[in-house]
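K.L.:
As input, take start_16.tsv (TSV, C-alpha atoms):
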chain	number	residue	atom	x	y	z
A	1	MET	CA	26.91	-7.97	17.90
A	2	GLU	CA	29.39	-8.79	15.18
A	3	VAL	CA	31.01	-6.06	13.14
A	4	ARG	CA	29.76	-7.57	9.90
A	5	GLU	CA	26.14	-7.54	11.05
A	6	VAL	CA	26.32	-3.92	12.13
A	7	LEU	CA	27.87	-2.96	8.81
A	8	ASN	CA	25.09	-4.84	7.02
A	9	ILE	CA	22.48	-2.78	8.84
A	10	ALA	CA	24.38	0.42	8.19
A	11	ILE	CA	24.95	-0.27	4.51
A	12	LEU	CA	21.32	-1.26	3.91
A	13	SER	CA	20.13	1.98	5.50
A	14	GLY	CA	22.64	3.86	3.40
A	15	GLU	CA	21.44	2.12	0.27
A	16	ILE	CA	17.80	3.00	0.97
A	17	LEU	CA	18.76	6.62	1.62
A	18	LEU	CA	20.83	6.91	-1.53
A	19	THR	CA	18.27	5.26	-3.80
A	20	SER	CA	15.59	7.54	-2.35
A	21	GLY	CA	17.51	10.67	-3.36
A	22	SER	CA	19.28	11.74	-0.19
A	23	GLU	CA	22.30	14.01	0.04
A	24	ILE	CA	25.69	12.34	0.45
A	25	TYR	CA	26.47	13.80	3.85
A	26	ARG	CA	23.23	12.41	5.25
A	27	VAL	CA	24.12	8.90	4.06
A	28	GLU	CA	27.61	9.08	5.58
A	29	ASP	CA	26.25	10.58	8.76
A	30	THR	CA	23.62	7.84	9.12
A	31	ILE	CA	26.16	5.07	8.55
A	32	ASP	CA	28.50	6.56	11.13
A	33	ARG	CA	25.68	7.03	13.59
A	34	ILE	CA	24.42	3.45	13.30
A	35	CYS	CA	27.94	2.07	13.73
A	36	TRP	CA	28.53	4.27	16.75
A	37	ALA	CA	25.30	3.06	18.33
A	38	TYR	CA	26.82	-0.44	18.37
A	39	ASP	CA	30.23	0.81	19.56
A	40	ILE	CA	31.89	0.25	16.24
A	41	LYS	CA	34.27	2.69	14.63
A	42	CYS	CA	33.84	3.10	10.92
A	43	GLU	CA	34.99	5.06	7.94
A	44	SER	CA	32.56	5.55	5.07
A	45	PHE	CA	32.91	6.95	1.59
A	46	VAL	CA	29.76	7.48	-0.43
A	47	THR	CA	29.29	8.50	-4.05
A	48	PRO	CA	25.98	8.57	-5.96
A	49	SER	CA	26.87	5.22	-7.54
A	50	GLY	CA	28.33	3.30	-4.63
A	51	ILE	CA	28.86	3.00	-0.88
A	52	PHE	CA	32.19	1.96	0.65
A	53	VAL	CA	32.32	1.23	4.37
A	54	SER	CA	34.90	-0.35	6.54
A	55	GLY	CA	34.50	-0.79	10.26
A	56	TRP	CA	36.22	-2.29	13.26
A	57	ALA	CA	35.31	-2.93	16.88
A	58	LEU	CA	36.64	-0.38	19.36
A	59	ASN	CA	38.47	-3.01	21.40
A	60	ASN	CA	39.89	-4.85	18.38
A	61	ALA	CA	41.21	-2.40	15.82
A	62	ASN	CA	43.29	-4.99	13.99
A	63	GLU	CA	40.41	-6.86	12.41
A	64	SER	CA	38.40	-4.62	10.17
A	65	VAL	CA	35.55	-5.56	7.85
A	66	SER	CA	34.93	-3.77	4.56
A	67	LEU	CA	31.80	-3.78	2.47
A	68	ILE	CA	31.07	-2.23	-0.90
A	69	LYS	CA	27.59	-1.66	-2.26
A	70	ARG	CA	26.99	-0.63	-5.83
A	71	ILE	CA	23.97	1.64	-6.36
A	72	ARG	CA	22.40	1.34	-9.79
A	73	ASN	CA	19.05	3.07	-9.83
A	74	ARG	CA	17.99	6.18	-8.03
A	75	THR	CA	14.45	7.43	-7.57
A	76	ILE	CA	12.85	10.11	-5.44
A	77	ASN	CA	11.14	9.00	-2.27
A	78	LEU	CA	11.44	11.57	0.49
A	79	HIS	CA	9.29	9.51	2.82
A	80	ASN	CA	11.96	6.80	2.96
A	81	ILE	CA	14.57	9.39	3.91
A	82	GLU	CA	12.42	10.49	6.80
A	83	MET	CA	11.82	6.90	7.94
A	84	ILE	CA	15.53	6.03	7.90
A	85	ASN	CA	16.30	9.25	9.72
A	86	THR	CA	13.99	8.36	12.59
A	87	PHE	CA	15.20	4.74	12.50
A	88	SER	CA	18.84	5.72	12.95
A	89	ARG	CA	18.00	8.21	15.69
A	90	ASN	CA	16.00	5.58	17.58
A	91	LEU	CA	18.88	3.16	17.20
A	92	GLN	CA	21.15	5.67	18.87
A	93	ASN	CA	18.91	5.79	21.93
A	94	LYS	CA	18.29	2.05	22.13
A	95	THR	CA	20.06	-0.61	20.09
A	96	MET	CA	18.11	-3.56	18.75
A	97	PRO	CA	19.14	-7.08	17.65
A	98	TYR	CA	20.19	-7.78	14.07
A	99	ASP	CA	17.06	-9.60	12.86
A	100	GLU	CA	14.71	-6.96	14.19
A	101	ALA	CA	16.66	-4.11	12.61
A	102	MET	CA	16.85	-5.90	9.26
A	103	LYS	CA	13.12	-6.57	9.37
A	104	ILE	CA	12.36	-2.88	9.95
A	105	LEU	CA	14.69	-1.83	7.13
A	106	LYS	CA	13.16	-4.33	4.70
A	107	SER	CA	9.69	-3.06	5.54
A	108	ILE	CA	10.82	0.53	4.93
A	109	GLU	CA	12.35	-0.49	1.62
A	110	ILE	CA	9.17	-1.94	0.17
A	111	ALA	CA	6.65	0.37	1.81
A	112	PRO	CA	4.55	2.12	-0.83
A	113	TYR	CA	3.10	5.35	0.34
A	114	PHE	CA	0.69	6.96	-2.09
A	115	SER	CA	-1.24	4.78	-4.49
A	116	PHE	CA	-0.67	5.09	-8.20
A	117	ILE	CA	-4.05	6.76	-8.80
A	118	LYS	CA	-3.28	9.44	-6.24
A	119	ARG	CA	0.11	10.15	-7.77
A	120	LEU	CA	-1.47	10.31	-11.21
A	121	LEU	CA	-4.01	12.82	-9.95
A	122	ALA	CA	-1.25	14.80	-8.28
A	123	ALA	CA	0.63	14.95	-11.59
A	124	GLY	CA	-2.52	16.28	-13.23
A	125	VAL	CA	-3.16	18.93	-10.60
A	126	THR	CA	0.49	20.03	-10.73
A	127	ALA	CA	0.24	20.63	-14.46
A	128	PHE	CA	-3.09	22.43	-14.02
A	129	ALA	CA	-1.69	24.72	-11.34
A	130	TYR	CA	1.37	25.70	-13.37
A	131	ALA	CA	-0.51	26.16	-16.62
A	132	VAL	CA	-2.88	28.59	-14.91
A	133	LEU	CA	-0.04	30.21	-12.95
A	134	PHE	CA	1.78	31.00	-16.20
A	135	LYS	CA	-1.16	33.00	-17.48
A	136	GLY	CA	-3.18	30.24	-19.10
A	137	THR	CA	-6.95	29.89	-18.92
A	138	PHE	CA	-8.70	27.12	-17.04
A	139	ILE	CA	-9.25	25.20	-20.26
A	140	ASP	CA	-5.51	25.33	-20.92
A	141	GLY	CA	-5.04	24.01	-17.42
A	142	ALA	CA	-7.38	21.10	-18.03
A	143	PHE	CA	-5.52	20.21	-21.22
A	144	ALA	CA	-2.16	20.42	-19.47
A	145	ALA	CA	-3.50	18.18	-16.70
A	146	ALA	CA	-4.62	15.54	-19.18
A	147	ILE	CA	-1.27	15.60	-21.01
A	148	SER	CA	0.67	15.50	-17.79
A	149	MET	CA	-1.29	12.51	-16.51
A	150	PHE	CA	-0.66	10.73	-19.78
A	151	ILE	CA	3.09	11.35	-19.73
A	152	TYR	CA	3.24	10.32	-16.08
A	153	LEU	CA	1.67	7.04	-17.11
A	154	VAL	CA	4.22	6.64	-19.90
A	155	LEU	CA	7.02	7.58	-17.50
A	156	GLU	CA	6.04	4.90	-15.02
A	157	LYS	CA	5.66	2.26	-17.73
A	158	MET	CA	9.09	3.13	-19.13
A	159	LYS	CA	10.58	3.05	-15.66
A	160	LYS	CA	9.39	-0.55	-15.36
A	161	ALA	CA	10.79	-1.37	-18.80
A	162	ASP	CA	14.17	-0.01	-17.60
A	163	PHE	CA	14.86	2.73	-20.13
A	164	SER	CA	17.53	5.28	-19.22
A	165	GLN	CA	16.14	8.34	-17.49
A	166	TYR	CA	17.45	10.70	-20.17
A	167	PHE	CA	15.62	8.85	-22.90
A	168	ARG	CA	12.51	8.73	-20.71
A	169	ASN	CA	12.55	12.49	-20.24
A	170	PHE	CA	13.25	13.09	-23.90
A	171	LEU	CA	10.38	10.92	-25.07
A	172	CYS	CA	7.93	12.28	-22.51
A	173	SER	CA	8.62	15.91	-23.32
A	174	PHE	CA	8.41	15.07	-27.02
A	175	ILE	CA	4.99	13.45	-26.50
A	176	ALA	CA	3.83	16.38	-24.38
A	177	GLY	CA	4.98	18.85	-27.01
A	178	LEU	CA	3.38	16.86	-29.82
A	179	ILE	CA	0.00	16.56	-28.12
A	180	SER	CA	-0.09	20.24	-27.19
A	181	VAL	CA	0.86	21.26	-30.70
A	182	CYS	CA	-1.91	19.11	-32.18
A	183	ALA	CA	-4.43	20.36	-29.65
A	184	ALA	CA	-3.54	23.98	-30.30
A	185	LYS	CA	-3.79	23.44	-34.05
A	186	PHE	CA	-7.27	21.98	-33.99
A	187	ILE	CA	-8.75	24.07	-31.19
A	188	ASP	CA	-8.27	27.77	-31.79
A	189	PHE	CA	-8.71	29.29	-28.34
A	190	LEU	CA	-5.95	27.25	-26.65
A	191	ASN	CA	-2.67	28.91	-25.67
A	192	ILE	CA	0.17	26.57	-26.47
A	193	ASN	CA	2.84	28.04	-24.17
A	194	PRO	CA	1.15	27.56	-20.78
A	195	ILE	CA	0.05	24.06	-21.77
A	196	ILE	CA	3.56	22.91	-22.62
A	197	VAL	CA	5.19	24.55	-19.60
A	198	GLY	CA	2.55	23.12	-17.27
A	199	SER	CA	2.66	19.61	-18.63
A	200	ILE	CA	6.45	19.16	-18.55
A	201	MET	CA	6.71	20.57	-15.02
A	202	ILE	CA	6.73	17.08	-13.52
A	203	LEU	CA	9.88	16.23	-15.49
A	204	VAL	CA	11.99	19.08	-14.07
A	205	PRO	CA	15.05	17.70	-12.21
A	206	GLY	CA	14.61	19.81	-9.09
A	207	LEU	CA	16.05	17.21	-6.75
A	208	ALA	CA	19.25	16.68	-8.72
A	209	ILE	CA	20.00	20.41	-8.77
A	210	THR	CA	19.30	21.08	-5.09
A	211	ASN	CA	21.22	18.00	-4.01
A	212	GLY	CA	24.11	19.00	-6.22
A	213	ILE	CA	24.35	22.33	-4.43
A	214	ARG	CA	23.99	20.86	-0.98
A	215	ASP	CA	26.61	18.21	-1.69
A	216	ALA	CA	29.04	20.88	-2.83
A	217	LEU	CA	28.38	22.74	0.39
A	218	HIS	CA	29.40	19.74	2.46
A	219	GLY	CA	32.56	19.19	0.45
A	220	ASP	CA	31.36	16.17	-1.53
A	221	ILE	CA	32.69	17.58	-4.77
A	222	LEU	CA	32.59	14.29	-6.64
A	223	SER	CA	28.89	13.71	-6.21
A	224	SER	CA	28.05	17.39	-6.53
A	225	GLN	CA	29.58	17.45	-10.00
A	226	SER	CA	27.91	14.28	-11.11
A	227	ARG	CA	24.51	15.48	-9.93
A	228	VAL	CA	24.80	18.86	-11.60
A	229	VAL	CA	25.84	17.19	-14.83
A	230	GLU	CA	22.95	14.75	-14.47
A	231	ALA	CA	20.54	17.67	-14.08
A	232	LEU	CA	22.05	19.43	-17.09
A	233	ILE	CA	21.66	16.35	-19.29
A	234	ILE	CA	18.06	15.91	-18.14
A	235	VAL	CA	17.26	19.56	-18.89
A	236	THR	CA	18.88	19.24	-22.31
A	237	SER	CA	16.95	16.08	-23.13
A	238	ILE	CA	13.67	17.75	-22.12
A	239	GLY	CA	14.55	20.79	-24.20
A	240	VAL	CA	15.49	18.70	-27.23
A	241	GLY	CA	12.29	16.65	-27.00
A	242	MET	CA	10.15	19.74	-26.77
A	243	GLY	CA	12.14	21.55	-29.43
A	244	LEU	CA	11.67	18.66	-31.84
A	245	ALA	CA	7.91	18.76	-31.35
A	246	LEU	CA	7.81	22.52	-31.89
A	247	LEU	CA	10.00	22.21	-34.98
A	248	LEU	CA	7.55	19.68	-36.42
A	249	MET	CA	4.79	22.18	-35.77
A	250	LYS	CA	6.65	24.85	-37.72
A	251	ILE	CA	7.15	22.57	-40.70
A	252	TRP	CA	3.61	21.31	-40.55
A	253	MET	CA	1.84	24.65	-40.32
B	1	MET	CA	-4.82	35.37	-3.90
B	2	LYS	CA	-5.61	33.14	-6.83
B	3	GLU	CA	-1.91	32.75	-7.51
B	4	PHE	CA	-1.26	31.98	-3.86
B	5	VAL	CA	-3.68	29.04	-4.02
B	6	LEU	CA	-2.19	27.87	-7.31
B	7	ALA	CA	1.34	28.02	-5.95
B	8	PHE	CA	0.15	26.08	-2.92
B	9	LEU	CA	-1.23	23.38	-5.21
B	10	GLY	CA	1.94	23.56	-7.28
B	11	SER	CA	4.03	22.54	-4.28
B	12	TYR	CA	1.50	20.26	-2.62
B	13	CYS	CA	1.10	17.97	-5.62
B	14	PRO	CA	4.79	17.48	-6.48
B	15	ALA	CA	5.15	16.67	-2.79
B	16	ILE	CA	2.76	13.76	-3.33
B	17	LEU	CA	4.84	12.65	-6.33
B	18	PHE	CA	7.92	12.66	-4.09
B	19	ASN	CA	6.19	10.57	-1.40
B	20	ILE	CA	6.20	12.94	1.54
B	21	GLU	CA	4.63	12.01	4.83
B	22	ARG	CA	1.00	13.15	4.92
B	23	LYS	CA	1.30	15.50	7.86
B	24	ASN	CA	4.09	17.42	6.15
B	25	LEU	CA	2.29	17.88	2.84
B	26	VAL	CA	0.39	20.98	3.89
B	27	TRP	CA	3.51	22.64	5.25
B	28	ALA	CA	5.46	21.95	2.06
B	29	GLY	CA	2.61	23.50	0.09
B	30	LEU	CA	2.48	26.52	2.37
B	31	CYS	CA	6.22	26.97	2.07
B	32	GLY	CA	5.96	26.99	-1.72
B	33	ALA	CA	3.06	29.46	-1.65
B	34	ILE	CA	4.92	31.88	0.61
B	35	GLY	CA	7.98	31.56	-1.62
B	36	TRP	CA	5.87	32.42	-4.65
B	37	ALA	CA	4.41	35.44	-2.83
B	38	ALA	CA	7.92	36.64	-2.00
B	39	TYR	CA	8.93	36.15	-5.64
B	40	LYS	CA	5.95	38.09	-6.98
B	41	SER	CA	6.25	41.01	-4.58
B	42	THR	CA	10.00	41.39	-5.12
B	43	GLN	CA	9.47	41.22	-8.85
B	44	MET	CA	6.89	44.01	-8.68
B	45	LEU	CA	9.12	46.15	-6.48
B	46	THR	CA	12.40	45.80	-8.35
B	47	GLN	CA	11.38	44.64	-11.85
B	48	SER	CA	14.29	42.20	-11.68
B	49	GLU	CA	13.57	38.57	-12.43
B	50	ILE	CA	16.82	37.15	-11.08
B	51	PHE	CA	16.78	39.15	-7.86
B	52	ALA	CA	13.19	38.08	-7.23
B	53	VAL	CA	14.14	34.42	-7.63
B	54	PHE	CA	17.07	34.93	-5.28
B	55	ILE	CA	14.87	36.44	-2.55
B	56	ALA	CA	12.28	33.70	-2.99
B	57	ALA	CA	14.97	31.02	-2.70
B	58	ILE	CA	16.21	32.62	0.53
B	59	VAL	CA	12.69	32.78	1.99
B	60	ILE	CA	11.96	29.17	1.03
B	61	SER	CA	15.21	27.78	2.42
B	62	MET	CA	14.77	29.69	5.67
B	63	LEU	CA	11.21	28.41	6.08
B	64	SER	CA	12.20	24.84	5.29
B	65	GLU	CA	15.11	24.88	7.72
B	66	ILE	CA	12.86	26.26	10.46
B	67	MET	CA	10.13	23.71	9.67
B	68	ALA	CA	12.72	20.95	9.67
B	69	LYS	CA	13.76	22.04	13.16
B	70	VAL	CA	10.17	22.22	14.42
B	71	PHE	CA	8.97	18.91	12.93
B	72	LYS	CA	12.33	17.10	13.38
B	73	THR	CA	12.51	15.92	9.76
B	74	PRO	CA	15.19	16.42	7.12
B	75	SER	CA	14.85	19.85	5.52
B	76	THR	CA	15.00	18.29	2.03
B	77	VAL	CA	11.39	17.25	2.55
B	78	PHE	CA	10.29	20.88	2.41
B	79	TYR	CA	12.95	22.26	0.08
B	80	ILE	CA	12.36	20.28	-3.01
B	81	PRO	CA	8.62	20.61	-3.53
B	82	SER	CA	8.50	24.25	-2.51
B	83	LEU	CA	11.24	25.31	-4.94
B	84	PHE	CA	9.07	24.04	-7.78
B	85	PRO	CA	7.09	27.24	-8.44
B	86	ILE	CA	10.16	29.45	-8.85
B	87	VAL	CA	12.08	27.10	-11.14
B	88	PRO	CA	12.70	29.10	-14.35
B	89	GLY	CA	10.62	26.78	-16.52
B	90	ILE	CA	9.04	29.47	-18.64
B	91	SER	CA	12.29	31.18	-19.58
B	92	ALA	CA	13.88	27.82	-20.41
B	93	TYR	CA	10.91	27.12	-22.66
B	94	ASN	CA	11.22	30.52	-24.31
B	95	THR	CA	14.91	29.85	-24.98
B	96	VAL	CA	14.04	26.69	-26.89
B	97	LEU	CA	11.30	28.54	-28.74
B	98	TYR	CA	13.72	31.27	-29.87
B	99	ILE	CA	16.35	28.76	-30.92
B	100	ILE	CA	13.79	27.07	-33.16
B	101	ASP	CA	12.84	30.42	-34.67
B	102	LYS	CA	16.58	31.04	-35.31
B	103	LYS	CA	16.50	34.20	-33.18
B	104	ILE	CA	19.88	33.58	-31.63
B	105	ALA	CA	20.24	36.95	-29.88
B	106	GLU	CA	16.92	36.58	-28.05
B	107	ALA	CA	17.69	32.96	-27.30
B	108	ALA	CA	21.01	33.95	-25.75
B	109	TYR	CA	19.27	36.62	-23.66
B	110	LYS	CA	16.61	34.20	-22.39
B	111	GLY	CA	19.16	31.48	-21.88
B	112	LEU	CA	21.28	33.79	-19.75
B	113	GLU	CA	18.20	34.72	-17.76
B	114	THR	CA	17.47	31.02	-17.17
B	115	LEU	CA	21.03	30.33	-16.08
B	116	GLY	CA	20.98	33.41	-13.86
B	117	SER	CA	17.77	32.34	-12.16
B	118	ALA	CA	19.08	28.83	-11.59
B	119	GLY	CA	22.27	30.27	-10.16
B	120	ALA	CA	20.27	32.63	-7.95
B	121	ILE	CA	18.26	29.70	-6.53
B	122	ALA	CA	21.49	27.80	-5.92
B	123	PHE	CA	23.12	30.71	-4.19
B	124	GLY	CA	20.06	31.44	-2.08
B	125	ILE	CA	20.01	27.86	-0.80
B	126	LEU	CA	23.75	27.94	-0.26
B	127	VAL	CA	23.67	31.07	1.91
B	128	ILE	CA	20.87	29.87	4.15
B	129	SER	CA	22.13	26.29	4.53
B	130	THR	CA	25.56	27.57	5.47
B	131	ILE	CA	24.09	29.78	8.18
B	132	PHE	CA	21.88	27.00	9.54
B	133	ARG	CA	24.73	24.52	9.38
B	134	TYR	CA	26.84	26.86	11.47
B	135	ILE	CA	24.02	27.19	14.02
B	136	ASN	CA	23.54	23.40	14.14
B	137	THR	CA	27.20	22.52	14.64
B	138	HIS	CA	27.51	25.28	17.19
B	139	ASN	CA	24.60	23.81	19.16
B	140	ILE	CA	26.09	20.32	19.10
B	141	ASN	CA	29.44	21.61	20.29
B	142	SER	CA	27.99	23.53	23.19
B	143	LYS	CA	25.91	20.50	24.23
B	144	GLY	CA	28.91	18.17	24.09
B	145	GLN	CA	31.04	20.23	26.43
Mind converting the file's structure to structure tokens?
P.N.:
Amino acid sequence: MEVREVLNIAILSGEILLTSGSEIYRVEDTIDRICWAYDIKCESFVTPSGIFVSGWALNNANESVSLIKRIRNRTINLHNIEMINTFSRNLQNKTMPYDEAMKILKSIEIAPYFSFIKRLLAAGVTAFAYAVLFKGTFIDGAFAAAISMFIYLVLEKMKKADFSQYFRNFLCSFIAGLISVCAAKFIDFLNINPIIVGSIMILVPGLAITNGIRDALHGDILSSQSRVVEALIIVTSIGVGMGLALLLMKIWM
Amino acid sequence: MKEFVLAFLGSYCPAILFNIERKNLVWAGLCGAIGWAAYKSTQMLTQSEIFAVFIAAIVISMLSEIMAKVFKTPSTVFYIPSLFPIVPGISAYNTVLYIIDKKIAEAAYKGLETLGSAGAIAFGILVISTIFRYINTHNINSKGQ
């Protein structure tokens, strides 16, 4: 197989991994492993916003091929990471022709896993669980669930409309805060704190923080810093959105 | 017991949001619930919020690394949903609340607590992943030779 084709397979797997929220070392490791499976030596450098790979055949080190892939949007899809992981491990045991490998990768890329309704319900139950866990009553939980489902809907709509993730988080936490404030004003027996904490739980940037730490551990300082900063900005935007809603409440009451 | 179930749900459902394979969902939930139990019991024993978070982070990372070994999946799959319950959401919220009330001293105190908890989670993960990474590389080396 040609070097360019192998690198195409490797870089597409790397792209899927990176856009699904994988750590940097896993992306580099997967690219190296796929290239090795086809007896190609390669050197890869991955940052959260781009993949750089250059590779050459073992018996012909003079002609190397380099590819660069820019990564623009990142989501969270742990299922894809698992699929690529098994794909690259299978490839190591038994190599497959170019077309077949590309077909598998394309099918992984578009595979939806849970339907939208299920994810919406999951968002609701998450909010319910945390509202009750933080000493709310069951009615608080139900309110938090409703708010959380609503902001999940807004979040998905805004994701399609291509707003920046910071603005998305800001607006969603602002909406969540506003609805909870209104609800608590008109219905006396609601506790506002558990409702707000429960309903914004789905916005928390858990993945960015954990990945930041794990990247630092593997020596990928560049991406570690950018992820930690990303998490900090997200947290700030959530805090500002919520704070704005609470401030309005203070003025209003 | 009630909290155990809630913490289970609180890791199980984010796991659905993150698109985890169905057979791993239950384990991610269980991991989160055990982490929450560790957090609660340490908090009752020592009265220290940050130390409790640290212990919980250690328990969760250990469980996820072991599960990752058993099920042959990346450990991230278990980490991320099960860390959800111990994320210092409530103290972050309280910080914002105090800032709005112009109680700067309390806000600083809560803010420090939030930062401390986040740092404790980070350090807990760091310790365990380093140990498991050492074990993994060691295994590979001994197999290669």
K.L.:
Rounded to one decimal in Å, what is the spacing between atom CA of Ala131 of chain A and atom CA of Gly198 of chain A?
P.N.:
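According to the coordinates, atom CA of Ala131 of chain A and atom CA of Gly198 of chain A are separated by 4.4 Å.
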K.L.:
Which of these, B:Ile121, B:Ala105, B:Leu97, B:Ile128, has the shortest distance to Leu246 of chain A once you count all atoms listed in the file?
P.N.:
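Of B:Ile121, B:Ala105, B:Leu97, B:Ile128, the one nearest Leu246 of chain A, counting all atoms listed in the file, is B:Leu97.
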K.L.:
What residues in chain B lie within 6 Å of chain A, counting all atoms listed in the file, written as a ChimeraX atom specification?
P.N.:
/B:6,10,13,17-21
K.L.:
Would you export the selected residues with C-alpha atoms as a PDB file, in the frame of the given file, please?
P.N.:
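Resulting contents of again_23.pdb:
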ATOM      1  CA  LEU B   6      -2.190  27.870  -7.310  1.00  0.00           C
ATOM      2  CA  GLY B  10       1.940  23.560  -7.280  1.00  0.00           C
ATOM      3  CA  CYS B  13       1.100  17.970  -5.620  1.00  0.00           C
ATOM      4  CA  LEU B  17       4.840  12.650  -6.330  1.00  0.00           C
ATOM      5  CA  PHE B  18       7.920  12.660  -4.090  1.00  0.00           C
ATOM      6  CA  ASN B  19       6.190  10.570  -1.400  1.00  0.00           C
ATOM      7  CA  ILE B  20       6.200  12.940   1.540  1.00  0.00           C
ATOM      8  CA  GLU B  21       4.630  12.010   4.830  1.00  0.00           C
TER       9      GLU B  21
END
K.L.:
Can you work out the spacing between atom CA of Asn60 of chain A and atom CA of Trp36 of chain A in Å, to one decimal?
P.N.:
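Distance between the two atoms: 14.7 Å.
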K.L.:
Could you tell me which of A:Tyr98, A:Phe87, A:Phe174, A:Phe52 comes closest to Thr30 of chain A if we count all atoms listed in the file?
P.N.:
A:Phe87
K.L.:
Near segment 82-93 of chain B, counting only C-alpha atoms, which residues have an atom at most 8 Å away, once you skip same-chain residues fewer than 4 positions from it, shown as a PyMOL selection string?
P.N.:
(chain A and resi 130+134+197+201+206+239) or (chain B and resi 7+10-11+14+28-29+31-33+35-36+39+53+56-57+60+78+97+110-111+113-114+117-118)
K.L.:
Identify which of the residues B:Val96, B:Met1, B:Val26, B:Val59 lies closest to Ser237 of chain A, counting all atoms listed in the file when measuring atom-to-atom distances.
P.N.:
B:Val96
K.L.:
Quick check, in Å to one decimal: how far apart do atom CA of Lys69 of chain A and atom CA of Ile51 of chain A lie?
P.N.:
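Between atom CA of Lys69 of chain A and atom CA of Ile51 of chain A the gap is 5.0 Å.
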K.L.:
Report as a PDB file with C-alpha atoms, in the coordinates of the input all protein, DNA and RNA residues lying within 9 Å of Glu65 of chain B, evaluated on all atoms listed in the file, omitting residues in the same chain fewer than 3 positions from it.
P.N.:
ATOM      1  CA  ILE B  60      11.960  29.170   1.030  1.00  0.00           C
ATOM      2  CA  SER B  61      15.210  27.780   2.420  1.00  0.00           C
ATOM      3  CA  MET B  62      14.770  29.690   5.670  1.00  0.00           C
ATOM      4  CA  ALA B  68      12.720  20.950   9.670  1.00  0.00           C
ATOM      5  CA  LYS B  69      13.760  22.040  13.160  1.00  0.00           C
ATOM      6  CA  VAL B  70      10.170  22.220  14.420  1.00  0.00           C
ATOM      7  CA  PRO B  74      15.190  16.420   7.120  1.00  0.00           C
ATOM      8  CA  SER B  75      14.850  19.850   5.520  1.00  0.00           C
ATOM      9  CA  THR B  76      15.000  18.290   2.030  1.00  0.00           C
ATOM     10  CA  PHE B  78      10.290  20.880   2.410  1.00  0.00           C
ATOM     11  CA  TYR B  79      12.950  22.260   0.080  1.00  0.00           C
ATOM     12  CA  ILE B 128      20.870  29.870   4.150  1.00  0.00           C
ATOM     13  CA  SER B 129      22.130  26.290   4.530  1.00  0.00           C
ATOM     14  CA  PHE B 132      21.880  27.000   9.540  1.00  0.00           C
TER      15      PHE B 132
END
